[in-house]
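Structure file my_file_8.txt with compact mmCIF, C-alpha atoms:
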```txt
# COMPACT_ATOMS: atom_id res chain seq x y z
CA MET A 1 154.02 121.58 99.22
CA VAL A 2 151.39 118.93 99.85
CA SER A 3 149.47 119.25 103.11
CA ASP A 4 148.76 116.17 105.23
CA GLY A 5 145.35 117.55 106.19
CA ALA A 6 143.05 120.55 106.12
CA PRO A 7 144.56 123.67 107.72
CA ALA A 8 143.24 124.69 111.12
CA GLY A 9 139.94 126.51 110.86
CA ALA A 10 139.31 125.37 107.29
CA VAL A 11 135.72 124.65 106.29
CA THR A 12 135.12 121.06 105.14
CA VAL A 13 132.40 120.72 102.51
CA PRO A 14 130.21 117.61 102.96
CA PRO A 15 130.21 115.15 100.03
CA THR A 16 126.55 116.01 99.39
CA GLY A 17 127.07 119.76 99.66
CA ALA A 18 124.83 122.11 101.59
CA GLN A 19 122.23 120.53 103.87
CA TYR A 20 118.66 121.84 104.21
CA THR A 21 116.15 120.93 106.92
CA ILE A 22 112.37 121.20 106.65
CA ALA A 23 109.81 120.22 109.28
CA ALA A 24 106.03 120.07 109.85
CA GLU A 25 103.42 118.03 111.75
CA GLY A 26 106.05 115.95 113.55
CA TYR A 27 108.00 115.15 110.38
CA ARG A 28 111.56 116.33 109.72
CA ALA A 29 113.58 115.90 106.53
CA VAL A 30 117.15 116.72 105.56
CA LEU A 31 117.77 117.45 101.86
CA THR A 32 121.05 117.80 100.01
CA GLU A 33 122.47 120.18 97.43
CA VAL A 34 124.16 117.35 95.52
CA GLY A 35 121.55 115.44 93.57
CA GLY A 36 118.65 117.34 95.12
CA GLY A 37 118.26 114.22 97.27
CA ILE A 38 116.91 113.30 100.70
CA ARG A 39 119.39 112.29 103.41
CA ALA A 40 117.00 111.67 106.28
CA LEU A 41 113.29 111.55 107.12
CA THR A 42 111.89 111.10 110.63
CA TYR A 43 108.52 111.24 112.34
CA GLY A 44 109.02 112.19 115.96
CA ASP A 45 111.96 110.05 117.03
CA ARG A 46 111.24 107.37 114.41
CA PRO A 47 113.38 107.14 111.25
CA LEU A 48 111.22 106.41 108.21
CA LEU A 49 114.06 106.29 105.69
CA MET A 50 117.51 104.78 106.14
CA ASP A 51 119.85 107.75 106.47
CA TYR A 52 123.61 108.24 106.29
CA PRO A 53 126.05 110.65 108.01
CA GLU A 54 126.53 114.15 106.66
CA ASP A 55 130.25 113.56 106.20
CA GLN A 56 129.74 110.52 103.94
CA PRO A 57 128.37 110.05 100.41
CA PRO A 58 125.00 108.28 100.00
CA VAL A 59 125.19 104.59 100.86
CA GLY A 60 123.78 102.38 98.10
CA GLY A 61 122.24 105.38 96.32
CA ALA A 62 120.15 106.26 99.39
CA GLY A 63 117.75 109.12 98.74
CA GLN A 64 119.02 109.93 95.26
CA LEU A 65 116.98 111.00 92.23
CA LEU A 66 117.68 108.85 89.16
CA ILE A 67 117.34 111.00 86.01
CA PRO A 68 117.14 110.75 82.97
CA TRP A 69 116.98 106.98 83.45
CA PRO A 70 116.63 104.79 86.54
CA ASN A 71 118.60 101.63 87.14
CA ARG A 72 120.85 100.40 84.31
CA VAL A 73 121.50 100.59 80.56
CA ARG A 74 123.30 97.50 79.26
CA ASP A 75 126.82 98.35 78.07
CA GLY A 76 125.69 102.01 78.14
CA ARG A 77 124.59 101.59 74.52
CA TYR A 78 121.23 102.38 73.00
CA ILE A 79 119.64 103.51 69.75
CA PHE A 80 117.27 106.46 69.75
CA ASP A 81 115.59 107.68 66.56
CA ASP A 82 118.08 105.66 64.49
CA GLU A 83 121.08 107.23 66.24
CA GLU A 84 123.44 104.89 68.10
CA ARG A 85 124.65 106.36 71.36
CA GLN A 86 127.21 105.41 74.01
CA LEU A 87 126.81 106.46 77.64
CA ALA A 88 129.71 106.45 80.08
CA ILE A 89 130.10 103.16 81.96
CA SER A 90 129.42 104.32 85.50
CA GLU A 91 129.11 100.85 87.05
CA PRO A 92 132.30 98.98 86.04
CA ARG A 93 131.43 95.76 87.92
CA THR A 94 128.43 95.18 85.61
CA GLY A 95 129.71 97.09 82.57
CA ASN A 96 126.56 99.25 82.57
CA ALA A 97 125.56 102.88 82.76
CA ALA A 98 123.68 103.31 86.03
CA HIS A 99 121.13 105.71 87.51
CA GLY A 100 121.51 108.72 85.21
CA PHE A 101 123.36 111.99 85.74
CA ALA A 102 121.24 114.17 88.02
CA ARG A 103 122.29 112.49 91.26
CA LEU A 104 125.82 113.91 90.89
CA LEU A 105 124.86 117.48 89.94
CA SER A 106 124.73 120.50 92.21
CA TRP A 107 121.11 121.64 92.53
CA THR A 108 120.06 125.20 93.36
CA VAL A 109 117.39 126.18 95.89
CA LEU A 110 114.60 127.96 93.99
CA ALA A 111 112.21 128.40 96.93
CA GLU A 112 112.35 127.54 100.63
CA GLU A 113 109.78 127.56 103.42
CA PRO A 114 109.90 125.96 106.90
CA SER A 115 107.94 122.94 105.60
CA SER A 116 109.06 122.75 101.97
CA ILE A 117 111.93 123.29 99.57
CA ARG A 118 112.18 123.42 95.79
CA PHE A 119 115.41 122.61 93.98
CA GLY A 120 116.28 123.17 90.34
CA VAL A 121 119.08 122.30 87.96
CA ARG A 122 119.74 122.63 84.24
CA MET A 123 121.16 119.33 83.00
CA PHE A 124 123.34 120.01 79.97
CA PRO A 125 124.37 117.38 77.39
CA GLN A 126 126.38 114.44 78.68
CA LEU A 127 128.24 111.67 76.88
CA GLY A 128 125.58 109.70 74.99
CA TYR A 129 122.78 112.08 75.95
CA PRO A 130 122.84 115.23 73.75
CA HIS A 131 119.88 116.97 75.43
CA VAL A 132 119.21 119.90 77.75
CA LEU A 133 116.64 119.39 80.52
CA ASP A 134 115.45 121.77 83.21
CA LEU A 135 114.69 119.74 86.32
CA THR A 136 112.91 120.70 89.54
CA ALA A 137 112.36 118.67 92.70
CA THR A 138 109.94 119.86 95.39
CA TYR A 139 109.86 118.30 98.85
CA ALA A 140 106.95 119.21 101.14
CA LEU A 141 105.96 118.00 104.61
CA GLY A 142 102.46 118.04 106.07
CA ARG A 143 99.95 115.91 107.93
CA GLY A 144 100.22 113.30 105.18
CA GLY A 145 103.99 113.05 105.54
CA LEU A 146 106.47 113.73 102.74
CA GLU A 147 105.36 114.52 99.19
CA VAL A 148 107.92 114.75 96.39
CA GLU A 149 107.25 116.13 92.90
CA VAL A 150 109.89 116.01 90.18
CA THR A 151 109.41 117.84 86.88
CA ALA A 152 111.48 117.73 83.70
CA THR A 153 111.22 120.19 80.81
CA ASN A 154 113.03 119.71 77.52
CA VAL A 155 114.59 123.10 76.77
CA GLY A 156 116.85 121.74 74.03
CA ALA A 157 116.42 121.34 70.29
CA GLY A 158 115.70 117.62 69.86
CA THR A 159 113.36 115.01 71.27
CA ALA A 160 114.83 113.43 74.41
CA PRO A 161 114.33 109.95 75.90
CA TYR A 162 113.38 110.23 79.54
CA GLY A 163 112.76 108.11 82.60
CA ILE A 164 112.87 108.81 86.31
CA GLY A 165 113.37 106.93 89.53
CA ALA A 166 114.07 107.64 93.19
CA HIS A 167 116.02 105.58 95.72
CA PRO A 168 114.51 105.81 99.24
CA TYR A 169 115.14 102.97 101.70
CA LEU A 170 112.15 102.37 103.98
CA THR A 171 113.07 101.47 107.53
CA LEU A 172 111.34 100.63 110.79
CA GLY A 173 114.25 102.03 112.74
CA GLU A 174 115.47 98.87 114.40
CA GLY A 175 116.62 95.40 113.49
CA LEU A 176 116.81 93.93 110.01
CA VAL A 177 114.12 93.90 107.36
CA ASP A 178 113.97 90.11 107.77
CA ASP A 179 111.46 90.52 110.58
CA ALA A 180 109.38 93.14 108.77
CA VAL A 181 106.11 92.50 106.93
CA LEU A 182 105.86 93.79 103.36
CA GLU A 183 102.71 94.47 101.36
CA MET A 184 103.11 95.45 97.70
CA PRO A 185 100.35 95.32 95.04
CA ALA A 186 102.54 94.08 92.17
CA ALA A 187 101.39 91.24 89.91
CA ALA A 188 104.62 90.72 87.96
CA TRP A 189 108.38 90.77 88.46
CA ALA A 190 111.28 90.91 86.02
CA GLU A 191 113.91 88.19 86.14
CA LEU A 192 117.46 89.59 85.86
CA ASP A 193 120.71 88.25 84.47
CA ASP A 194 124.02 88.48 86.33
CA ARG A 195 124.45 92.05 85.06
CA LYS A 196 121.05 93.06 86.53
CA ILE A 197 119.41 93.43 83.10
CA PRO A 198 115.85 92.03 82.70
CA THR A 199 115.51 88.80 80.74
CA GLY A 200 111.74 88.39 80.99
CA LEU A 201 108.60 89.19 82.93
CA ARG A 202 107.14 86.64 85.35
CA ASP A 203 103.83 86.34 87.20
CA VAL A 204 104.30 86.58 90.98
CA GLU A 205 101.66 83.92 91.62
CA GLY A 206 103.22 80.95 93.40
CA THR A 207 106.66 82.56 93.70
CA PRO A 208 108.62 84.07 96.61
CA TYR A 209 107.99 87.46 94.99
CA ASP A 210 104.27 87.61 95.73
CA PHE A 211 103.65 90.34 98.32
CA ARG A 212 100.13 91.21 97.23
CA ARG A 213 99.11 90.02 100.67
CA ALA A 214 101.21 91.24 103.56
CA ARG A 215 103.83 88.70 104.67
CA PRO A 216 107.27 88.65 106.31
CA ILE A 217 110.27 89.29 104.09
CA GLY A 218 112.37 86.70 105.92
CA ASP A 219 115.85 86.14 104.51
CA LEU A 220 114.74 86.60 100.89
CA PRO A 221 117.33 88.68 98.97
CA LEU A 222 115.66 91.19 96.67
CA ASP A 223 117.10 93.38 93.93
CA THR A 224 114.05 93.00 91.76
CA PRO A 225 111.89 95.14 89.43
CA PHE A 226 108.12 94.79 89.91
CA THR A 227 105.23 95.98 87.74
CA GLY A 228 101.56 95.21 87.12
CA LEU A 229 100.83 97.64 89.93
CA ARG A 230 97.33 97.82 91.36
CA ARG A 231 96.21 101.32 92.22
CA ASP A 232 93.81 102.43 94.91
CA PRO A 233 90.68 104.44 93.98
CA ASP A 234 92.64 107.69 94.40
CA GLY A 235 95.03 106.58 91.64
CA LEU A 236 97.99 105.91 93.94
CA VAL A 237 99.96 102.71 94.31
CA ARG A 238 100.93 101.99 97.92
CA VAL A 239 103.66 99.84 99.47
CA ILE A 240 103.55 99.19 103.22
CA LEU A 241 106.32 97.98 105.50
CA ARG A 242 105.24 97.06 109.05
CA ALA A 243 106.83 95.72 112.18
CA GLY A 244 106.16 92.03 112.74
CA ASP A 245 103.89 92.81 115.69
CA GLY A 246 101.95 95.39 113.66
CA SER A 247 102.78 98.18 116.10
CA HIS A 248 104.06 100.67 113.54
CA GLY A 249 104.99 101.00 109.91
CA VAL A 250 105.86 103.20 106.96
CA GLU A 251 104.13 103.64 103.61
CA LEU A 252 105.52 104.68 100.24
CA TRP A 253 103.10 105.80 97.54
CA GLY A 254 103.55 106.54 93.86
CA GLY A 255 101.40 108.67 91.61
CA GLU A 256 100.55 108.70 87.92
CA GLY A 257 103.41 107.53 85.71
CA VAL A 258 105.01 105.36 88.38
CA GLU A 259 104.76 102.06 86.50
CA TRP A 260 107.56 100.09 88.20
CA LEU A 261 109.03 99.52 91.65
CA GLN A 262 112.59 98.32 92.15
CA VAL A 263 112.82 96.58 95.53
CA PHE A 264 116.27 96.05 97.08
CA THR A 265 117.01 94.52 100.47
CA GLY A 266 120.55 95.90 100.52
CA ASP A 267 122.36 92.59 100.97
CA PRO A 268 125.66 93.81 99.38
CA LEU A 269 125.76 96.99 101.50
CA PRO A 270 128.39 97.33 104.23
CA GLU A 271 127.49 97.08 107.90
CA PRO A 272 125.52 98.61 109.57
CA TYR A 273 123.44 99.24 106.42
CA ARG A 274 123.11 95.65 105.22
CA ARG A 275 119.38 94.76 105.28
CA ALA A 276 118.76 97.66 107.68
CA GLY A 277 116.28 99.11 105.21
CA ILE A 278 114.49 98.07 102.05
CA ALA A 279 114.74 100.27 99.00
CA VAL A 280 111.36 100.72 97.34
CA GLU A 281 112.21 102.74 94.24
CA PRO A 282 109.34 104.36 92.32
CA MET A 283 110.28 104.28 88.62
CA SER A 284 108.58 105.36 85.42
CA CYS A 285 110.29 102.62 83.39
CA PRO A 286 112.16 99.35 83.97
CA PRO A 287 115.92 98.76 83.87
CA ASN A 288 117.42 98.99 80.38
CA ALA A 289 114.49 101.04 79.04
CA PHE A 290 116.82 103.20 76.94
CA GLU A 291 117.61 100.05 74.92
CA THR A 292 114.18 98.38 74.92
CA GLY A 293 111.96 101.48 74.85
CA GLU A 294 109.61 99.94 77.44
CA ASN A 295 107.62 102.71 79.20
CA LEU A 296 110.23 105.17 77.94
CA LEU A 297 108.97 108.75 77.63
CA ARG A 298 109.72 110.99 74.67
CA LEU A 299 110.04 114.68 75.48
CA ALA A 300 109.81 116.93 72.42
CA PRO A 301 111.23 120.45 72.69
CA GLY A 302 109.10 122.38 75.19
CA ASP A 303 107.46 119.24 76.63
CA HIS A 304 107.40 118.75 80.38
CA VAL A 305 106.38 115.89 82.64
CA SER A 306 105.92 115.52 86.41
CA HIS A 307 106.03 112.51 88.73
CA ARG A 308 104.95 112.34 92.37
CA TRP A 309 105.73 110.00 95.23
CA GLY A 310 105.74 110.22 99.00
CA VAL A 311 106.30 108.60 102.38
CA ARG A 312 104.27 108.67 105.59
CA ALA A 313 104.38 107.09 109.01
CA LEU A 314 101.83 104.44 110.00
CA SER A 315 100.84 103.79 113.58
```

Can you present the structure in this file as C-alpha cells?
Amino acid sequence: MVSDGAPAGAVTVPPTGAQYTIAAEGYRAVLTEVGGGIRALTYGDRPLLMDYPEDQPPVGGAGQLLIPWPNRVRDGRYIFDDEERQLAISEPRTGNAAHGFARLLSWTVLAEEPSSIRFGVRMFPQLGYPHVLDLTATYALGRGGLEVEVTATNVGAGTAPYGIGAHPYLTLGEGLVDDAVLEMPAAAWAELDDRKIPTGLRDVEGTPYDFRRARPIGDLPLDTPFTGLRRDPDGLVRVILRAGDGSHGVELWGGEGVEWLQVFTGDPLPEPYRRAGIAVEPMSCPPNAFETGENLLRLAPGDHVSHRWGVRALS
C-alpha cells in the first residue's frame, strides 16, 4: 500500500541532512551534513550569506563545496594522462558536468566545539573519476568572522586531477544587489559561450566588469569568472560588498591557491532569491579546467593540498 504522506510522529530528514550550529564573537553559522556545506551565516541580527530553509535543498548551489572541480566540464569529457574520460552529465540544460561530487555526499563530523566543526568524507571513484580522495572541511568562528579550510589527500593508487571551489552568496540582508557597491581586485575576466564555457580571457579595463575600484553593481547580470587577482600584503585576496550608503558591508577573502573568483548575481534564481545575494565563489581553477588543464592541480598518491577562505562583517 502506498501512503499519501508520512505517518503521524514520523521523523522527516531535511534534504541537507543533520544541521550543526556553531557560534562565537557575535557570529553564528549553520552547517550541513550533506556536502559539508554552510546553510547560514549571521553577525548579530545581520545575515552575511544568503541562506535557505532547512526543509529545502540549497538554492543555486548556496553554500556548497565544489570538489574535485568547480563550475563546469564541457560535455563531461576530458583527457588526463592520455586517458579519455567521461563524467556524468549533471547539468542537462548545458550538457555539462557541473560542480563535482562532494556537494552530494554525506559528510561525517570528525571534531566539534562550540565555535568550530570539522567534517570529513572519503570520496570513492565516480564515473569518469577513478580516484579516492579523503576530504576534510573545517569551519571556525572568531573575532575575524568565519574561516574555512578544505583539505584533500589522495589515498588512491594513481595521480588525480583536482580543483576546488565554494559557493557562498554574499548579502547585505535587504533589497537587491543592484543597490550594493562591489569592490573586487580582479584584472581579467573570462568570456563565456552559451554553455558557460570560457572562450577567452579579457582585460577588465574599460568594460562593465571592472570592479577594481568600488562601484555600484546596478542591473549588470553577472555569471562571470575573474582572475588576475591582486593580493594584499598578507597574501589574501579580498572582495567587499557594501551598502550604497556605506553603513555596513561584508567581506570575502581567499588564501593561497585561490586563483579565480566566479561572480554570479543570481538572475535565473526563483523569487525571493533572485539578485538577493551575489555569489563570490573562490576557486583554484577556472571552468572547464579538467579539459584545458589551466591551474589544474595534480595530486600524486599521498599528496595533500589545503585551501582557505572566509567571510567577515564590516561596519

**Study point:** atom CA of Glu113 of chain A to atom CA of Leu141 of chain A, straight-line distance in Å
**Key:**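 Separating atom CA of Leu141 of chain A from atom CA of Glu113 of chain A is a distance of 10.4 Å.
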
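Proximity of A:Pro70, A:Gly144, A:Gly63, A:Pro92 to Gly26 of chain A, computed with all atoms listed in the file, is greatest for A:Gly144.
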
Practice item. Determine, counting all atoms listed in the file, which protein, DNA and RNA residues have an atom within 6 Å of an atom of His99 of chain A; residues of the same chain fewer than 2 positions away are not included. Present the result as a ChimeraX atom specification. Key: /A:66,69-71

Counting all atoms listed in the file, give me one row per residue of segment 100-219 of chain A with an atom at most 8 Å from an atom of segment 246-255 of chain A, showing the shortest contact pair and its distance in Å to one decimal, sorted by chain then residue number, as CSV.
```
residue,atom,partner,partner_atom,distance
A:Leu170,CA,A:Val250,CA,7.0
A:Thr171,CA,A:Val250,CA,7.4
A:Leu172,CA,A:Gly249,CA,6.4
```

Practice item. Compile the contact shell of Leu49 of chain A as a PyMOL selection string: residues with an atom at most 7 Å away, counting all atoms listed in the file, same-chain residues fewer than 2 positions apart removed. Key: chain A and resi 40-41+47+51+168-171

**Study point:** Nearest-residue call for Glu147 of chain A, choices A:Gly310, A:Val280, A:Val305, A:Met50, using only C-alpha atoms
**Key:** A:Gly310

Study note, to complete from the structure: Counting only C-alpha atoms, closest pick from A:Tyr43, A:Ile164, A:Val148, A:Pro57 relative to Phe101 of chain A is A:Ile164

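In this comparison, which uses only C-alpha atoms, the residue of A:Gly37, A:Gly163, A:Pro68, A:Pro225 approaching Phe119 of chain A most closely is A:Gly37.
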
Please produce, as JSON lines, a per-residue contact table for segment 52-111 of chain A versus segment 17-20 of chain A (criterion: any atom at most 12 Å away, all atoms listed in the file considered), showing the nearest atom pair and its distance in Å to one decimal, sorted by chain then residue number.
```
{"residue": "A:Pro53", "atom": "CA", "partner": "A:Gln19", "partner_atom": "CA", "distance": 11.4}
{"residue": "A:Glu54", "atom": "CA", "partner": "A:Gln19", "partner_atom": "CA", "distance": 8.2}
{"residue": "A:Asp55", "atom": "CA", "partner": "A:Gly17", "partner_atom": "CA", "distance": 9.6}
{"residue": "A:Gln56", "atom": "CA", "partner": "A:Gly17", "partner_atom": "CA", "distance": 10.5}
{"residue": "A:Pro57", "atom": "CA", "partner": "A:Gly17", "partner_atom": "CA", "distance": 9.8}
{"residue": "A:Pro58", "atom": "CA", "partner": "A:Gly17", "partner_atom": "CA", "distance": 11.7}
{"residue": "A:Leu104", "atom": "CA", "partner": "A:Gly17", "partner_atom": "CA", "distance": 10.6}
{"residue": "A:Leu105", "atom": "CA", "partner": "A:Gly17", "partner_atom": "CA", "distance": 10.2}
{"residue": "A:Ser106", "atom": "CA", "partner": "A:Gly17", "partner_atom": "CA", "distance": 7.8}
{"residue": "A:Trp107", "atom": "CA", "partner": "A:Gly17", "partner_atom": "CA", "distance": 9.5}
{"residue": "A:Thr108", "atom": "CA", "partner": "A:Ala18", "partner_atom": "CA", "distance": 10.0}
{"residue": "A:Val109", "atom": "CA", "partner": "A:Tyr20", "partner_atom": "CA", "distance": 9.5}
{"residue": "A:Ala111", "atom": "CA", "partner": "A:Tyr20", "partner_atom": "CA", "distance": 11.7}
```

Practice item. Have a look at A:Ser315, A:Thr42, A:Asn295, A:Thr159 and name the one nearest to Gly145 of chain A; count all atoms listed in the file. Key: A:Thr42

Point to revise | Which of A:Glu91, A:Glu174, A:Glu149, A:Glu25 sits closest to Arg242 of chain A [using all atoms listed in the file] | key: A:Glu174

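Rounded to one decimal, atom CA of Arg215 of chain A and atom CA of Val239 of chain A lie 12.3 Å from each other.
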
Just the residues within 10 Å of Glu112 of chain A, please, counting only C-alpha atoms, with nothing from its chain fewer than 4 positions along; format it as a short mmCIF file (atom, residue, chain, number, x, y, z; two decimals) with C-alpha atoms, in the frame of the given file.
```cif
data_model
loop_
_atom_site.label_atom_id
_atom_site.label_comp_id
_atom_site.auth_asym_id
_atom_site.auth_seq_id
_atom_site.Cartn_x
_atom_site.Cartn_y
_atom_site.Cartn_z
CA TYR A 20 118.66 121.84 104.21
CA THR A 21 116.15 120.93 106.92
CA ILE A 22 112.37 121.20 106.65
CA SER A 116 109.06 122.75 101.97
CA ILE A 117 111.93 123.29 99.57
CA ARG A 118 112.18 123.42 95.79
CA PHE A 119 115.41 122.61 93.98
CA THR A 138 109.94 119.86 95.39
CA TYR A 139 109.86 118.30 98.85
CA ALA A 140 106.95 119.21 101.14
#
```

Check your understanding: Can you tell me, as a PyMOL selection string, what residues are no more than 12 Å from Val237 of chain A when counting only C-alpha atoms, ignoring any on the same chain fewer than 6 positions away?
Key -> chain A and resi 183-186+212+227-231+251-261+280+282-283+308-311

Point to revise | Exercise: Val263 of chain A partners within 8 Å, all atoms listed in the file, chain neighbours under 5 positions left out, as a ChimeraX atom specification | key: /A:222-226,278-281
